[in-house]
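Undergrad: What follows is the file structure.txt, containing compact mmCIF, C-alpha atoms:
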```
# COMPACT_ATOMS: atom_id res chain seq x y z
CA MET A 240 -7.11 23.43 -22.01
CA PHE A 241 -3.54 23.63 -23.20
CA SER A 242 -2.68 24.64 -26.77
CA SER A 243 0.43 24.15 -28.89
CA ARG A 244 1.22 27.88 -28.83
CA MET A 245 1.53 27.95 -25.03
CA LYS A 246 4.93 27.96 -23.44
CA LEU A 247 5.84 24.52 -22.10
CA ALA A 248 7.07 26.22 -18.92
CA ASP A 249 3.61 27.74 -18.37
CA ILE A 250 1.94 24.36 -18.76
CA ILE A 251 4.23 22.87 -16.12
CA ALA A 252 3.59 25.85 -13.86
CA ALA A 253 -0.14 25.15 -14.24
CA ASN A 254 0.25 21.45 -13.41
CA HIS A 255 3.57 20.32 -12.03
CA ASN A 256 2.80 16.62 -12.61
CA ILE A 257 3.40 17.23 -16.30
CA ILE A 258 7.13 17.54 -15.70
CA LEU A 259 7.12 13.78 -15.04
CA LEU A 260 5.78 13.15 -18.54
CA LEU A 261 8.67 14.82 -20.36
CA PRO A 262 11.15 11.93 -20.09
CA ARG A 263 8.42 9.58 -21.38
CA PHE A 264 8.28 11.68 -24.55
CA GLY A 265 12.05 12.01 -24.70
CA ILE A 266 11.83 15.75 -24.09
CA PRO A 267 14.81 17.07 -22.12
CA LEU A 268 14.64 19.89 -19.58
CA GLY A 269 16.23 23.25 -20.39
CA PHE A 270 13.57 24.19 -22.95
CA GLY A 271 13.69 27.87 -22.00
CA GLU A 272 10.79 29.93 -23.31
CA LYS A 273 9.90 27.58 -26.17
CA SER A 274 6.30 26.79 -27.00
CA VAL A 275 4.91 23.26 -26.80
CA ARG A 276 4.99 23.07 -30.61
CA GLU A 277 8.65 24.14 -30.83
CA VAL A 278 9.71 21.69 -28.13
CA CYS A 279 7.77 18.83 -29.73
CA VAL A 280 9.15 19.51 -33.21
CA ALA A 281 12.69 19.54 -31.82
CA ALA A 282 12.13 16.23 -30.00
CA GLY A 283 10.24 14.60 -32.88
CA VAL A 284 7.02 14.18 -30.86
CA PRO A 285 3.63 14.71 -32.55
CA VAL A 286 2.36 17.83 -30.81
CA ASP A 287 -1.31 16.78 -30.82
CA PHE A 288 -0.46 13.56 -29.01
CA MET A 289 1.62 15.39 -26.41
CA LEU A 290 -1.25 17.84 -25.82
CA LEU A 291 -3.76 14.98 -25.55
CA VAL A 292 -1.76 13.42 -22.72
CA CYS A 293 -1.04 16.74 -20.94
CA ASN A 294 -4.71 17.72 -21.06
CA LEU A 295 -5.77 14.34 -19.70
CA TYR A 296 -3.31 14.76 -16.82
CA ALA A 297 -4.30 18.32 -16.01
CA PHE A 298 -8.07 18.46 -16.57
CA ASP A 299 -10.16 15.88 -14.78
CA ASP A 300 -13.25 16.50 -16.90
CA TYR A 301 -11.42 16.36 -20.24
CA MET A 302 -12.34 13.31 -22.30
CA PRO A 303 -11.84 13.54 -26.06
CA SER A 304 -14.27 11.82 -28.42
CA MET A 305 -13.05 9.07 -30.77
CA GLU A 306 -13.66 11.53 -33.59
CA GLU A 307 -11.10 13.83 -32.01
CA VAL A 308 -8.66 11.00 -31.21
CA SER A 309 -8.85 9.74 -34.79
CA THR A 310 -7.38 13.01 -36.07
CA ILE A 311 -4.33 12.64 -33.78
CA ASP A 312 -1.14 10.81 -34.75
CA MET A 313 -1.33 7.91 -32.28
CA GLN A 314 1.94 6.23 -33.30
CA PRO A 315 3.62 7.35 -30.02
CA LEU A 316 0.87 5.84 -27.83
CA VAL A 317 2.52 2.44 -27.26
CA PRO A 318 6.05 3.88 -26.79
CA TYR A 319 4.59 6.42 -24.35
CA LEU A 320 2.74 3.76 -22.32
CA MET A 321 5.84 1.54 -22.33
CA ALA A 322 7.96 4.44 -21.08
CA SER A 323 5.42 4.97 -18.28
CA HIS A 324 5.57 1.30 -17.33
CA ASN A 325 9.35 1.45 -17.28
CA TYR A 326 9.29 4.55 -15.11
CA TYR A 327 7.00 2.82 -12.61
CA THR A 328 8.72 -0.55 -12.57
CA ARG A 329 12.35 0.57 -12.79
CA GLU A 330 12.23 3.80 -10.79
CA ARG A 331 9.19 4.40 -8.58
CA LEU A 332 8.40 0.90 -7.35
CA PRO A 333 12.00 0.11 -6.32
CA HIS A 334 12.34 3.58 -4.76
CA ILE A 335 9.22 3.05 -2.64
CA GLU A 336 10.39 -0.45 -1.76
CA SER A 337 13.70 0.87 -0.46
CA HIS A 338 11.87 3.37 1.76
CA ILE A 339 9.66 0.58 3.06
CA ALA A 340 12.60 -1.76 3.70
CA HIS A 341 14.40 1.04 5.53
CA ILE A 342 11.42 1.90 7.73
CA ALA A 343 10.54 -1.76 8.34
CA GLU A 344 14.06 -2.39 9.64
CA ARG A 345 13.30 -0.11 12.56
CA MET A 346 10.00 -1.75 13.47
CA ASP A 347 9.39 -4.85 15.49
CA GLU A 348 10.06 -7.83 13.29
CA ARG A 349 6.48 -8.98 12.90
CA THR A 350 4.99 -5.62 11.86
CA GLY A 351 7.99 -4.94 9.64
CA SER A 352 7.62 -8.18 7.77
CA ILE A 353 3.82 -7.80 7.37
CA PHE A 354 4.40 -4.33 5.96
CA LYS A 355 7.10 -5.49 3.53
CA GLN A 356 5.01 -8.47 2.43
CA PHE A 357 2.00 -6.28 1.65
CA TYR A 358 4.11 -4.09 -0.60
CA ALA A 359 5.90 -7.03 -2.20
CA ASP A 360 2.51 -8.55 -3.11
CA PHE A 361 1.35 -5.25 -4.57
CA ARG A 362 4.53 -4.87 -6.58
CA ARG A 363 4.16 -8.35 -7.99
CA GLU A 364 0.53 -7.72 -8.95
CA ILE A 365 1.14 -4.42 -10.67
CA THR A 366 4.19 -5.74 -12.50
CA ALA A 367 2.14 -8.71 -13.74
CA HIS A 368 -0.56 -6.27 -14.85
CA PHE A 369 1.92 -4.19 -16.87
CA GLN A 370 3.50 -7.28 -18.35
CA SER A 371 0.19 -8.66 -19.49
CA GLU A 372 -0.64 -5.36 -21.23
CA GLU A 373 2.75 -5.33 -22.89
CA GLU A 374 2.30 -8.90 -24.12
CA HIS A 375 -1.31 -8.72 -25.28
CA GLU A 376 -2.76 -5.25 -25.76
CA PHE A 377 0.23 -3.28 -26.99
CA PRO A 378 1.26 -5.70 -29.79
CA ARG A 379 -2.35 -5.76 -30.90
CA LEU A 380 -2.41 -1.98 -31.34
CA ILE A 381 0.95 -1.99 -33.12
CA ALA A 382 -0.29 -4.61 -35.56
CA LEU A 383 -3.46 -2.62 -36.22
CA GLN A 384 -1.46 0.56 -36.73
CA GLN A 385 0.62 -1.29 -39.33
CA SER A 386 -2.64 -2.30 -40.99
CA CYS A 387 -2.12 -5.96 -40.18
CA ARG A 388 -4.93 -8.08 -38.84
CA PRO A 389 -3.83 -9.16 -35.37
CA LYS A 390 -3.91 -12.90 -34.92
CA GLY A 391 -6.87 -14.26 -33.02
CA ALA A 392 -9.50 -12.48 -31.03
CA ALA A 393 -8.65 -9.92 -28.37
CA LYS A 394 -7.61 -11.75 -25.23
CA LYS A 395 -9.31 -10.57 -22.07
CA VAL A 396 -6.52 -9.84 -19.67
CA SER A 397 -7.10 -11.51 -16.32
CA SER A 398 -4.70 -9.50 -14.17
CA LYS A 399 -5.91 -7.18 -11.42
CA SER A 400 -7.91 -4.19 -12.61
CA HIS A 401 -6.58 -0.64 -12.48
CA ALA A 402 -9.17 0.27 -9.86
CA ALA A 403 -8.09 -2.61 -7.61
CA LEU A 404 -4.43 -1.61 -7.95
CA VAL A 405 -5.21 2.00 -7.07
CA ASP A 406 -7.29 0.81 -4.09
CA THR A 407 -4.31 -1.18 -2.84
CA LEU A 408 -2.04 1.86 -3.13
CA ASN A 409 -4.60 3.89 -1.23
CA ASP A 410 -4.75 1.20 1.46
CA LEU A 411 -0.98 1.34 1.68
CA THR A 412 -0.99 5.09 2.42
CA GLN A 413 -3.73 4.62 5.03
CA ILE A 414 -1.72 1.87 6.73
CA VAL A 415 1.49 3.91 6.62
CA TYR A 416 0.20 7.06 8.23
CA LYS A 417 -2.59 5.72 10.41
CA TYR A 418 -1.62 2.32 11.68
CA LEU A 419 2.14 1.91 11.70
CA PRO A 420 3.91 2.83 14.95
CA GLY A 421 4.27 6.62 14.74
CA ASN A 422 7.69 6.94 16.30
CA VAL A 423 9.53 5.04 13.58
CA MET A 424 11.40 7.45 11.30
CA PRO A 425 8.64 10.05 10.88
CA GLU A 426 10.49 12.08 8.22
CA GLU A 427 11.11 9.11 5.97
CA THR A 428 7.57 7.89 6.58
CA MET A 429 6.19 11.20 5.33
CA GLU A 430 8.44 11.04 2.28
CA LEU A 431 7.08 7.58 1.65
CA VAL A 432 3.49 8.80 1.90
CA PHE A 433 4.18 11.54 -0.64
CA ASP A 434 5.90 9.08 -2.96
CA ILE A 435 2.95 6.70 -2.82
CA LEU A 436 0.38 9.47 -3.32
CA GLN A 437 2.35 10.76 -6.31
CA LEU A 438 2.53 7.30 -7.82
CA SER A 439 -1.16 6.75 -7.17
CA THR A 440 -2.13 10.00 -8.95
CA ASP A 441 0.16 9.12 -11.85
CA ILE A 442 -1.19 5.58 -12.19
CA GLN A 443 -4.79 6.80 -12.11
CA LYS A 444 -4.11 9.04 -15.11
CA HIS A 445 -2.16 6.26 -16.79
CA ALA A 446 -5.13 3.92 -16.28
CA LEU A 447 -7.43 6.58 -17.73
CA ILE A 448 -5.32 6.72 -20.90
CA GLU A 449 -5.40 2.93 -21.23
CA GLU A 450 -9.11 2.57 -20.52
CA LYS A 451 -10.51 5.62 -22.26
CA ILE A 452 -8.04 6.09 -25.11
CA LEU A 453 -6.13 2.88 -25.82
CA GLU A 454 -9.01 0.41 -25.53
CA PRO A 455 -11.61 2.41 -27.52
CA TYR A 456 -8.95 3.27 -30.09
CA VAL A 457 -8.08 -0.40 -30.60
CA ALA A 458 -11.78 -1.22 -30.88
CA TRP A 459 -12.21 1.60 -33.39
CA LEU A 460 -9.33 0.35 -35.53
CA GLU A 461 -10.64 -3.21 -35.33
CA GLY A 462 -14.08 -2.09 -36.36
CA GLY A 463 -12.60 -0.76 -39.60
CA LYS A 464 -12.55 2.87 -38.37
CA ARG A 465 -16.29 3.31 -38.53
CA MET B 132 -26.89 8.69 37.16
CA LYS B 133 -23.91 10.81 36.18
CA PRO B 134 -20.56 9.35 37.21
CA LEU B 135 -18.74 11.15 40.01
CA VAL B 136 -16.14 13.69 38.96
CA SER B 137 -12.83 12.66 40.48
CA VAL B 138 -10.88 15.61 41.80
CA LEU B 139 -7.21 15.71 42.67
CA VAL B 140 -6.18 18.54 44.98
CA VAL B 141 -2.51 19.47 45.27
CA GLU B 142 -2.20 21.82 48.22
CA PRO B 143 0.05 21.78 51.31
CA SER B 144 -2.42 23.34 53.75
CA GLU B 145 -4.63 20.76 55.44
CA ILE B 146 -7.12 23.45 56.44
CA ILE B 147 -7.63 24.40 52.81
CA VAL B 148 -7.79 20.78 51.65
CA GLU B 149 -10.33 19.83 54.31
CA GLY B 150 -12.35 22.96 53.55
CA LEU B 151 -12.49 22.01 49.88
CA ARG B 152 -13.37 18.42 50.70
CA SER B 153 -16.29 19.53 52.86
CA MET B 154 -17.56 21.90 50.17
CA LEU B 155 -17.34 19.25 47.45
CA GLU B 156 -19.00 16.59 49.60
CA LYS B 157 -21.90 18.86 50.40
CA ALA B 158 -22.30 19.83 46.77
CA GLY B 159 -22.31 16.15 45.71
CA GLY B 160 -21.19 14.68 42.42
CA TYR B 161 -17.50 14.84 43.28
CA ASN B 162 -15.11 12.20 44.48
CA MET B 163 -12.02 13.71 46.03
CA LEU B 164 -8.90 11.59 45.56
CA SER B 165 -6.39 11.57 48.38
CA PRO B 166 -4.73 14.96 48.17
CA MET B 167 -1.08 15.58 47.37
CA HIS B 168 0.96 18.11 49.28
CA ASP B 169 3.38 19.07 46.56
CA VAL B 170 3.90 18.72 42.80
CA ALA B 171 7.09 16.65 42.96
CA MET B 172 5.37 13.37 42.13
CA LEU B 173 2.44 14.88 40.26
CA GLU B 174 3.56 14.10 36.73
CA GLU B 175 4.25 10.51 37.70
CA ARG B 176 1.02 10.01 39.60
CA LEU B 177 -1.36 11.63 37.14
CA PRO B 178 -1.69 8.66 34.79
CA VAL B 179 -2.33 6.36 37.77
CA LEU B 180 -4.85 8.54 39.58
CA SER B 181 -6.37 9.81 36.33
CA PRO B 182 -8.42 12.61 37.87
CA ASP B 183 -11.11 14.42 35.87
CA LEU B 184 -10.22 17.72 37.48
CA LEU B 185 -6.94 19.00 38.89
CA ILE B 186 -6.93 21.75 41.50
CA VAL B 187 -3.42 22.88 42.27
CA ASN B 188 -1.73 25.64 44.23
CA PRO B 189 0.44 27.32 41.57
CA THR B 190 3.09 28.48 44.06
CA LEU B 191 4.10 24.82 44.41
CA PHE B 192 5.64 24.89 40.96
CA GLY B 193 8.38 27.17 42.31
CA SER B 194 10.13 29.64 40.11
CA ALA B 195 10.75 27.28 37.20
CA ASN B 196 8.79 27.76 34.01
CA VAL B 197 5.23 27.07 35.20
CA ARG B 198 3.68 27.22 31.77
CA GLN B 199 6.00 24.48 30.58
CA GLN B 200 5.31 22.27 33.59
CA LEU B 201 1.59 22.74 33.08
CA SER B 202 1.74 21.87 29.43
CA MET B 203 3.55 18.65 30.37
CA LEU B 204 0.68 17.83 32.72
CA ALA B 205 -1.91 18.79 30.14
CA SER B 206 -0.28 16.59 27.53
CA GLN B 207 -0.80 13.60 29.83
CA ARG B 208 -4.47 14.29 30.30
CA PRO B 209 -5.54 16.73 27.62
CA ALA B 210 -9.21 16.72 28.62
CA MET B 211 -8.55 17.48 32.31
CA PRO B 212 -9.31 21.08 33.30
CA LEU B 213 -6.54 22.73 35.37
CA VAL B 214 -7.74 24.88 38.22
CA ALA B 215 -5.37 27.20 40.09
CA LEU B 216 -6.04 27.53 43.82
CA VAL B 217 -4.74 30.88 45.01
CA TYR B 218 -4.74 32.56 48.39
CA GLN B 219 -1.94 35.02 47.98
CA TYR B 220 -0.48 37.15 45.24
CA VAL B 221 0.63 35.03 42.28
CA GLU B 222 2.37 36.34 39.16
CA PRO B 223 -0.27 37.15 36.53
CA ASP B 224 1.74 35.16 34.01
CA VAL B 225 1.47 32.08 36.22
CA VAL B 226 -2.24 32.53 36.92
CA GLY B 227 -2.78 33.10 33.21
CA SER B 228 -1.41 29.65 32.48
CA PHE B 229 -4.49 28.12 34.11
CA LYS B 230 -7.85 27.99 32.45
CA TYR B 231 -9.69 28.38 35.77
CA VAL B 232 -8.71 30.19 38.95
CA VAL B 233 -10.29 29.70 42.40
CA ASP B 234 -9.45 32.25 45.06
CA ILE B 235 -10.00 30.98 48.62
CA ARG B 236 -11.65 34.28 49.50
CA GLN B 237 -14.47 33.57 47.03
CA THR B 238 -17.86 32.51 48.37
CA ARG B 239 -18.84 28.88 48.43
CA SER B 240 -21.33 29.33 45.62
CA SER B 241 -18.91 31.10 43.31
CA VAL B 242 -16.24 28.42 43.93
CA LEU B 243 -18.75 25.67 43.20
CA SER B 244 -20.11 27.35 40.12
CA LEU B 245 -16.60 27.79 38.77
CA LEU B 246 -15.79 24.11 39.35
CA LYS B 247 -19.10 23.16 37.77
CA LYS B 248 -18.19 25.22 34.74
CA ALA B 249 -14.82 23.46 34.51
CA VAL B 250 -16.58 20.08 34.71
CA ASP B 251 -19.15 21.11 32.10
CA ASP B 252 -16.34 22.03 29.73
CA LEU B 253 -14.89 18.61 30.44
CA SER B 254 -18.14 16.86 29.51
CA HIS B 255 -18.18 18.71 26.19
CA VAL B 256 -14.77 17.28 25.51
CA ASP B 257 -16.20 13.88 26.43
CA GLU B 258 -19.02 14.26 23.94
CA ALA B 259 -16.54 15.14 21.23
CA GLY B 260 -14.51 12.12 22.33
CA GLU B 261 -17.56 9.91 21.90
CA THR B 262 -18.10 10.94 18.30
CA SER B 263 -14.51 10.11 17.51
CA GLU B 264 -14.98 6.75 19.23
CA ASP B 265 -17.69 6.00 16.69
CA TYR B 266 -14.88 5.43 14.24
CA GLU B 267 -13.54 2.57 16.32
CA LEU B 268 -14.64 -0.84 15.09
CA SER B 269 -17.41 -2.50 17.10
CA ASP B 270 -16.88 -6.04 18.39
CA ARG B 271 -19.03 -7.47 15.61
CA GLU B 272 -17.20 -5.49 12.95
CA THR B 273 -13.92 -6.78 14.37
CA ASP B 274 -15.22 -10.38 14.09
CA VAL B 275 -16.15 -9.75 10.45
CA LEU B 276 -12.84 -8.01 9.73
CA VAL B 277 -10.85 -11.00 10.98
CA LEU B 278 -12.83 -13.41 8.79
CA VAL B 279 -12.48 -11.13 5.75
CA ALA B 280 -8.76 -10.93 6.41
CA LYS B 281 -8.63 -14.73 6.49
CA GLY B 282 -9.96 -14.66 2.93
CA MET B 283 -13.54 -15.77 3.61
CA SER B 284 -16.39 -14.60 1.36
CA SER B 285 -19.38 -12.68 2.73
CA LYS B 286 -21.49 -15.80 2.33
CA GLU B 287 -19.05 -17.93 4.35
CA ILE B 288 -18.83 -15.25 7.04
CA ALA B 289 -22.64 -15.03 7.22
CA SER B 290 -23.00 -18.74 7.87
CA GLN B 291 -20.15 -18.81 10.37
CA LEU B 292 -21.54 -15.90 12.41
CA ASN B 293 -25.16 -16.89 11.88
CA ILE B 294 -26.15 -13.56 10.37
CA SER B 295 -27.44 -12.59 6.94
CA VAL B 296 -25.16 -11.83 3.99
CA HIS B 297 -26.77 -8.40 3.91
CA THR B 298 -25.63 -7.77 7.50
CA VAL B 299 -22.11 -8.98 6.69
CA ASN B 300 -21.94 -6.59 3.74
CA SER B 301 -23.17 -3.74 5.87
CA HIS B 302 -20.43 -4.53 8.43
CA ARG B 303 -17.88 -4.63 5.62
CA LYS B 304 -19.04 -1.26 4.38
CA ASN B 305 -18.65 0.19 7.89
CA ILE B 306 -15.20 -1.36 8.28
CA THR B 307 -14.01 0.27 5.06
CA HIS B 308 -15.65 3.56 6.02
CA LYS B 309 -13.98 3.56 9.43
CA THR B 310 -10.52 2.31 8.46
CA GLY B 311 -10.29 3.77 4.95
CA ILE B 312 -9.04 0.35 3.78
CA LYS B 313 -10.76 -1.42 0.87
CA SER B 314 -8.62 -4.37 -0.18
CA VAL B 315 -8.64 -7.74 1.56
CA ALA B 316 -4.83 -7.63 1.70
CA GLY B 317 -4.99 -4.18 3.37
CA LEU B 318 -7.54 -5.42 5.90
CA ALA B 319 -5.30 -8.41 6.65
CA VAL B 320 -2.44 -6.01 7.41
CA TYR B 321 -4.76 -3.96 9.63
CA ALA B 322 -5.83 -7.11 11.50
CA MET B 323 -2.24 -8.27 11.98
CA ILE B 324 -0.93 -4.88 13.09
CA HIS B 325 -3.75 -4.73 15.65
CA ASN B 326 -3.01 -8.28 16.81
CA LEU B 327 -6.48 -9.46 15.85
CA MET B 328 -5.11 -12.57 14.19
```
As structure tokens, what does this structure read like?
TA:
Amino acid sequence: MFSSRMKLADIIAANHNIILLLPRFGIPLGFGEKSVREVCVAAGVPVDFMLLVCNLYAFDDYMPSMEEVSTIDMQPLVPYLMASHNYYTRERLPHIESHIAHIAERMDERTGSIFKQFYADFRREITAHFQSEEEHEFPRLIALQQSCRPKGAAKKVSSKSHAALVDTLNDLTQIVYKYLPGNVMPEETMELVFDILQLSTDIQKHALIEEKILEPYVAWLEGGKR
Amino acid sequence: MKPLVSVLVVEPSEIIVEGLRSMLEKAGGYNMLSPMHDVAMLEERLPVLSPDLLIVNPTLFGSANVRQQLSMLASQRPAMPLVALVYQYVEPDVVGSFKYVVDIRQTRSSVLSLLKKAVDDLSHVDEAGETSEDYELSDRETDVLVLVAKGMSSKEIASQLNISVHTVNSHRKNITHKTGIKSVAGLAVYAMIHNLM
């Protein structure tokens, strides 16, 4: 497990995915030999929260209890999740789409359009999923954090589940490297596979934070912090 | 009964070819394709003739890079054993490019046992090939896949195909296991790419 006295550089060396989290916390690169605590203080990020997220990303069996979570400053949770959504919707999803459009151009028209349509459907579903969280779950937590009673009962979000979205991403990688014609731009196809796998890993951890931290935390606050 | 092993002989000498033919006929289990006298058309003809075993006189490849020419042949039919047929001195490097070497001065039994060994190796490859074929969808699984891809529920598929829901679900499980695809949308893409719908 990572601690606040460790060098941030060592944490990234131990799990390179963590480098992707830095922009979501507003932490710039070029942190030299500074410890996690020093970097967090400089960026105005609660260090316990940053460590919570890094540990969840790096250690598959790490799952903090609500007792532990309740001692952590969770104010940055919604801004962090929003920053992740923005990273997916504004950077990764369009990037993957441009690879797909590029590769599809070189295929026969029918296969190309099936391929593009599959991705377009996925992109629409995941964007709707994010949007629904941003409109229902996030405001609810913010209200609770400001000690207001949120209006009405919690609304059960009806968009596609995290597991179904991850399954679709997995299907996409299978289709790309197993079933598309192999002679169409192999280098770009491999880049695409790595991009999708990276996104899939990231989204699985993101889903874990929403399901195992956000949701129980909201329930805990609603239950009067029992 | 085991299927006959089809043998393509590439050898200019009719005496040698006829000698081989007689030996193979007497041994049984082989079907000799009409022989070729040189390698000029070999690469082109291989996919058409699709022999199980290729016996070729390595001097026919001339002085050009034999190893390279052989690997081109092997890439067309990876499972096909290549047997060199030698009756004079051949560069060790050239002979070494072949997995099996028959010298015409060998006795009948040692020639036949060597060819049998080559064929046995081939059947091992076949067995391995069969296990990988198990990952191909069966006809029934393909039927189910198409209906799933059309958006039908297991219950609807069961009544359409006149089988139990349990059987449909077991087909669906196999389809996902074999293709690695879980979502209905992904299966629809699979079906369309494979021209199943």
Undergrad: Pick the closest to Thr273 in chain B from B:Lys247, B:Lys230, B:Lys309, B:Arg208: which is it, counting only C-alpha atoms?
TA: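 Closest candidate: B:Lys309.
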Undergrad: So that each row is one residue of chain A with an atom at most 7 Å from chain B, can you give its shortest atom pair and the distance in Å to one decimal, using all atoms listed in the file, rows by chain and rising number, as a Markdown table?
TA:
```
| residue | atom | partner | partner_atom | distance |
| --- | --- | --- | --- | --- |
| A:Thr350 | CA | B:Ile324 | CA | 6.1 |
| A:Ile353 | CA | B:Val320 | CA | 6.5 |
| A:Phe357 | CA | B:Ala316 | CA | 7.0 |
| A:Asp406 | CA | B:Lys313 | CA | 6.5 |
| A:Thr407 | CA | B:Ser314 | CA | 6.0 |
| A:Asp410 | CA | B:Ile312 | CA | 5.0 |
| A:Gln413 | CA | B:Gly311 | CA | 6.6 |
```
Undergrad: Calculate how many Å separate CA of Ser284 in chain B from CA of Leu411 in chain A, rounding to one decimal.
TA: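 Going from CA of Ser284 in chain B over to CA of Leu411 in chain A, I get 22.2 Å.
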Undergrad: Fewer than 6 positions away in the same chain doesn't count, so skip those; otherwise give me all residues within 10 Å of range 153-158 of chain B, counting all atoms listed in the file, as a list in words.
TA: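 In the requested format, the answer is Val138, Ile147, Arg239, Ser240, Val242, Leu243 and Leu246 of chain B.
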Undergrad: Work out how far CA of Pro182 in chain B is from CA of Gln219 in chain B, in Å to one decimal.
TA: 25.4 Å
Undergrad: Which residues are close to Ser137 in chain B, i.e. within 10 Å by all atoms listed in the file, leaving aside same-chain residues fewer than 4 positions away? Reply as a PyMOL selection string.
TA: chain B and resi 160-164+180-185
Undergrad: Could you pull out every residue with an atom within 12 Å of (4.1, 24.9, 42.5), file coordinates, counting only C-alpha atoms, and send them as a PyMOL selection string?
TA: chain B and resi 141-143+167-173+186-198+200-201+215-217+221+225-226
